[in-house]
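Note sheet for the following structure.
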Amino acid sequence: MAAITLERILALQAAYIRCIDGNALESWPDFFHDPCLYVVTSAENHKNGFEGGIIYADTKGMLIDRIAALREANVYEKQSYRHILGLPNILKNGGDEAESETPFMVVRIMHDGGTSIFATGVYLDTYRVTGSELKFSKRLVVCDSSRVDTLMALPL
Amino acid sequence: MAAITLERILALQAAYIRCIDGNALESWPDFFHDPCLYVVTSAENHKNGFEGGIIYADTKGMLIDRIAALREANVYEKQSYRHILGLPNILKNGGDEAESETPFMVVRIMHDGGTSIFATGVYLDTYRVTGSELKFSKRLVVCDSSRVDTLMALPL
Amino acid sequence: MAAITLERILALQAAYIRCIDGNALESWPDFFHDPCLYVVTSAENHKNGFEGGIIYADTKGMLIDRIAALREANVYEKQSYRHILGLPNILKNGGDEAESETPFMVVRIMHDGGTSIFATGVYLDTYRVTGSELKFSKRLVVCDSSRVDTLMALPL
């Protein structure tokens, strides 16, 4: 079967971060299949094979709940993010499924204008096409620093 | 009509920042049609619909004047920029025109070697092909932080 | 002869930084032809035409030695890198050789989780296809800041 094109993967990656950085959080869960796996963890935990993580969600409903909680907490009044992605490494691609590893950096901009690096790491992604739609069936966000947990707020 | 290819858009985006970061500023206005619209503004101003901005130019002549002023002020003796772009979101593409949104980060390197994040944000671009040339008819630079204005120097 | 495709160049660039940031340093020399040219230098030295650099290697053996020395020094216990690449400017492409200029930013993550910008600059690359393999025959790493030398450790 035909592989998923690089252009399509780039478009999905670009749309995902546009959704978060543009504060369209309610659309964020739509980037995932249901059930799915969305985990934010540290490189150290990932290396040691710990399954948990700072954030763990395996249904779309859990992602929706997370956004509702963020809206309740008014997180976006206080800060915004800017994701910059590197080029994806396509690790597997065949039929209706693909896997990639994509480096990211997230800069956080506080309400007073202060700007700093919030997180760096890689997205370990599994994509699946259902019907004609390409979505994440799995997104493992592996943060380089183990410090990130105490600051976690918006989705990565 | 055939759409503008992603590869062509990537090449234009890459060439634009190479021009600035490589201190070939005199070629910078050539990335724009004439008349054009080049505006640098903050996310807050943009959200509130303010038309103005930190920088506003709607002819190629104004862009040329801006570079002349920077050369006069010897800005490049004191600092340089390094732009890192994310992947563009192609929002519209048909015939000889396309629109995209591209995240950016700019790092500033001072003469003494000190390096810091200068700005983050998105480029809201409209491209048009005239003859065989792809150029910006509109580039709206929306900076995440409202602090950027007081430091503004080289083009973004 | 057919040019080297952009997709292939992107894949090589993405794989290169994955190798370093993922601590698979022993595979790093395999991205180069033998003989090759791998130089890390500053923008100022490069502009002034100095041939040397902070790091200079012109055989694959020298690259292998460098990694052995880093392993000896246990550098990875103390820090890791995260490279974020911008889009490559393809400057020449024909037959089995291509040249490009690619902006980069490297963030360093210390063992205690502290994260900061380590280096920014451009990769000036010459690629060559031998057999069916695309590798670097030349990679000139031009760092924007001249401060980078005293901190140099992992490959860029």
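By convention in this document, the chains of the structure tokens carry letters A, B, ... by their order, each chain's residues are numbered from 1, and ligands are numbered from 1 in the order they are shown.
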List every residue of chain A that has an atom at most 9 Å from any atom of chain B, and for each one report the closest atom pair and its distance in Å to one decimal, counting only C-alpha atoms, with rows sorted by chain and then by increasing residue number, as a tab-separated table.
```
residue	atom	partner	partner_atom	distance
A:Glu7	CA	B:Leu6	CA	8.0
A:Leu10	CA	B:Leu87	CA	7.1
A:Ala11	CA	B:Asn89	CA	6.6
A:Leu12	CA	B:Asn89	CA	9.0
A:Gln13	CA	B:Leu87	CA	8.0
A:Ala14	CA	B:Leu87	CA	5.6
A:Ala15	CA	B:Asn89	CA	6.3
A:Arg18	CA	B:Asn89	CA	7.8
A:Ser80	CA	B:Asp144	CA	7.9
A:Tyr81	CA	B:Asp144	CA	8.6
A:Arg82	CA	B:Thr120	CA	6.9
A:His83	CA	B:Pro103	CA	7.6
A:Ile84	CA	B:Gly86	CA	5.1
A:Leu85	CA	B:Gly86	CA	5.5
A:Gly86	CA	B:Gly86	CA	7.0
A:Leu87	CA	B:Leu87	CA	8.5
A:Val107	CA	B:Thr120	CA	7.9
A:Ile109	CA	B:Ser145	CA	6.5
A:Met110	CA	B:Ser145	CA	8.0
A:His111	CA	B:Ser145	CA	8.0
A:Asp112	CA	B:Arg147	CA	7.9
A:Gly113	CA	B:Ser145	CA	4.7
A:Gly114	CA	B:Ser145	CA	7.4
A:Thr115	CA	B:Ile117	CA	7.3
A:Ser116	CA	B:Ile117	CA	7.3
A:Ile117	CA	B:Ile117	CA	8.6
```
Please produce a file of those selected residues containing N, CA and C atoms, as a PDB file, in the first residue's frame.
```pdb
ATOM      1  N   GLU A   7       4.695  15.328   2.852  1.00  0.00           N
ATOM      2  CA  GLU A   7       3.960  16.601   2.833  1.00  0.00           C
ATOM      3  C   GLU A   7       2.749  16.555   3.765  1.00  0.00           C
ATOM      4  N   LEU A  10       4.041  16.691   7.397  1.00  0.00           N
ATOM      5  CA  LEU A  10       4.442  18.061   7.732  1.00  0.00           C
ATOM      6  C   LEU A  10       3.212  18.927   8.007  1.00  0.00           C
ATOM      7  N   ALA A  11       2.180  18.748   7.189  1.00  0.00           N
ATOM      8  CA  ALA A  11       0.970  19.567   7.359  1.00  0.00           C
ATOM      9  C   ALA A  11       0.288  19.282   8.695  1.00  0.00           C
ATOM     10  N   LEU A  12       0.252  18.017   9.091  1.00  0.00           N
ATOM     11  CA  LEU A  12      -0.366  17.667  10.370  1.00  0.00           C
ATOM     12  C   LEU A  12       0.436  18.246  11.539  1.00  0.00           C
ATOM     13  N   GLN A  13       1.743  18.097  11.471  1.00  0.00           N
ATOM     14  CA  GLN A  13       2.602  18.635  12.533  1.00  0.00           C
ATOM     15  C   GLN A  13       2.434  20.150  12.652  1.00  0.00           C
ATOM     16  N   ALA A  14       2.388  20.811  11.516  1.00  0.00           N
ATOM     17  CA  ALA A  14       2.261  22.273  11.516  1.00  0.00           C
ATOM     18  C   ALA A  14       0.904  22.703  12.064  1.00  0.00           C
ATOM     19  N   ALA A  15      -0.133  21.964  11.704  1.00  0.00           N
ATOM     20  CA  ALA A  15      -1.485  22.328  12.157  1.00  0.00           C
ATOM     21  C   ALA A  15      -1.634  22.103  13.664  1.00  0.00           C
ATOM     22  N   ARG A  18      -0.046  24.944  15.551  1.00  0.00           N
ATOM     23  CA  ARG A  18      -0.822  26.160  15.288  1.00  0.00           C
ATOM     24  C   ARG A  18      -2.061  26.193  16.183  1.00  0.00           C
ATOM     25  N   SER A  80       1.561  32.296  27.049  1.00  0.00           N
ATOM     26  CA  SER A  80       1.315  31.578  25.800  1.00  0.00           C
ATOM     27  C   SER A  80       2.588  30.844  25.393  1.00  0.00           C
ATOM     28  N   TYR A  81       2.441  29.948  24.452  1.00  0.00           N
ATOM     29  CA  TYR A  81       3.556  29.115  24.007  1.00  0.00           C
ATOM     30  C   TYR A  81       3.881  29.445  22.563  1.00  0.00           C
ATOM     31  N   ARG A  82       5.080  29.171  22.184  1.00  0.00           N
ATOM     32  CA  ARG A  82       5.444  29.150  20.768  1.00  0.00           C
ATOM     33  C   ARG A  82       6.262  27.891  20.527  1.00  0.00           C
ATOM     34  N   HIS A  83       5.697  26.962  19.797  1.00  0.00           N
ATOM     35  CA  HIS A  83       6.396  25.728  19.430  1.00  0.00           C
ATOM     36  C   HIS A  83       7.198  25.951  18.155  1.00  0.00           C
ATOM     37  N   ILE A  84       8.428  25.502  18.158  1.00  0.00           N
ATOM     38  CA  ILE A  84       9.204  25.438  16.920  1.00  0.00           C
ATOM     39  C   ILE A  84       9.610  23.977  16.724  1.00  0.00           C
ATOM     40  N   LEU A  85       9.219  23.426  15.604  1.00  0.00           N
ATOM     41  CA  LEU A  85       9.525  22.020  15.330  1.00  0.00           C
ATOM     42  C   LEU A  85      10.699  21.900  14.391  1.00  0.00           C
ATOM     43  N   GLY A  86      11.500  20.885  14.611  1.00  0.00           N
ATOM     44  CA  GLY A  86      12.513  20.504  13.633  1.00  0.00           C
ATOM     45  C   GLY A  86      11.905  19.591  12.588  1.00  0.00           C
ATOM     46  N   LEU A  87      12.735  19.072  11.723  1.00  0.00           N
ATOM     47  CA  LEU A  87      12.267  18.175  10.674  1.00  0.00           C
ATOM     48  C   LEU A  87      11.977  16.801  11.260  1.00  0.00           C
ATOM     49  N   VAL A 107       8.875  27.788  23.514  1.00  0.00           N
ATOM     50  CA  VAL A 107       9.206  29.025  24.215  1.00  0.00           C
ATOM     51  C   VAL A 107       7.937  29.494  24.917  1.00  0.00           C
ATOM     52  N   ILE A 109       5.884  32.619  26.690  1.00  0.00           N
ATOM     53  CA  ILE A 109       5.817  34.076  26.758  1.00  0.00           C
ATOM     54  C   ILE A 109       4.846  34.439  27.880  1.00  0.00           C
ATOM     55  N   MET A 110       5.343  35.073  28.899  1.00  0.00           N
ATOM     56  CA  MET A 110       4.501  35.440  30.036  1.00  0.00           C
ATOM     57  C   MET A 110       3.738  36.719  29.711  1.00  0.00           C
ATOM     58  N   HIS A 111       2.732  36.986  30.515  1.00  0.00           N
ATOM     59  CA  HIS A 111       1.862  38.127  30.257  1.00  0.00           C
ATOM     60  C   HIS A 111       2.642  39.447  30.231  1.00  0.00           C
ATOM     61  N   ASP A 112       3.697  39.522  31.018  1.00  0.00           N
ATOM     62  CA  ASP A 112       4.498  40.749  31.052  1.00  0.00           C
ATOM     63  C   ASP A 112       5.497  40.824  29.891  1.00  0.00           C
ATOM     64  N   GLY A 113       5.482  39.843  29.010  1.00  0.00           N
ATOM     65  CA  GLY A 113       6.353  39.892  27.840  1.00  0.00           C
ATOM     66  C   GLY A 113       7.632  39.091  27.990  1.00  0.00           C
ATOM     67  N   GLY A 114       7.928  38.641  29.189  1.00  0.00           N
ATOM     68  CA  GLY A 114       9.135  37.843  29.424  1.00  0.00           C
ATOM     69  C   GLY A 114       9.090  36.541  28.641  1.00  0.00           C
ATOM     70  N   THR A 115      10.189  36.191  28.018  1.00  0.00           N
ATOM     71  CA  THR A 115      10.242  35.061  27.093  1.00  0.00           C
ATOM     72  C   THR A 115      11.376  34.130  27.496  1.00  0.00           C
ATOM     73  N   SER A 116      11.088  32.830  27.605  1.00  0.00           N
ATOM     74  CA  SER A 116      12.155  31.887  27.947  1.00  0.00           C
ATOM     75  C   SER A 116      11.862  30.508  27.371  1.00  0.00           C
ATOM     76  N   ILE A 117      12.892  29.686  27.301  1.00  0.00           N
ATOM     77  CA  ILE A 117      12.716  28.316  26.823  1.00  0.00           C
ATOM     78  C   ILE A 117      11.959  27.527  27.884  1.00  0.00           C
TER      79      ILE A 117
END
```
If you count only C-alpha atoms, which residues fall within 10 Å of A:Asp96, apart from same-chain ones fewer than 5 positions away, as a VMD selection string? chain A and resid 1 to 4 127 to 132 134
Find the spatial neighbours of C:Ala98, counting only C-alpha atoms, within a cut-off of 6 Å - ignore same-chain residues fewer than 2 positions away - and output them as a VMD selection string. chain C and resid 92 to 93 126 to 127
Can you tell me, as number ranges by chain, what residues are no more than 8 Å from B:Lys60 when counting only C-alpha atoms, ignoring any on the same chain fewer than 6 positions away? B: 29-30, 32-36
Shell around C:Gly53 at 9 Å using only C-alpha atoms, local window under 5 positions removed, as a ChimeraX atom specification: /C:39-42,45-46
Once DSSP has gone over the backbone, tell me which residues of chain A are in strand (DSSP E), as a ChimeraX atom specification. /A:32-42,55-57,79-85,89-94,97-110,115-130,133-143
Run DSSP on the backbone of this structure and report the residues of chain A it assigns to helix (DSSP H, G or I), as a VMD selection string. chain A and resid 6 to 21 25 to 31 43 to 47 60 to 73 75 to 78 146 to 151
When distances are computed from only C-alpha atoms, which of A:Arg71, A:Ile54, A:Ile9, A:Gly22 shows the smallest separation from B:Val142?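 Closest candidate: A:Gly22.
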If you count only C-alpha atoms, the residue of B:Leu140, B:Ile55, B:Val106, B:Ile17 closest to B:Asp125 turns out to be B:Leu140
In Å to one decimal, how far is atom CA of A:Val75 from atom CA of B:Lys47? 17.8 Å
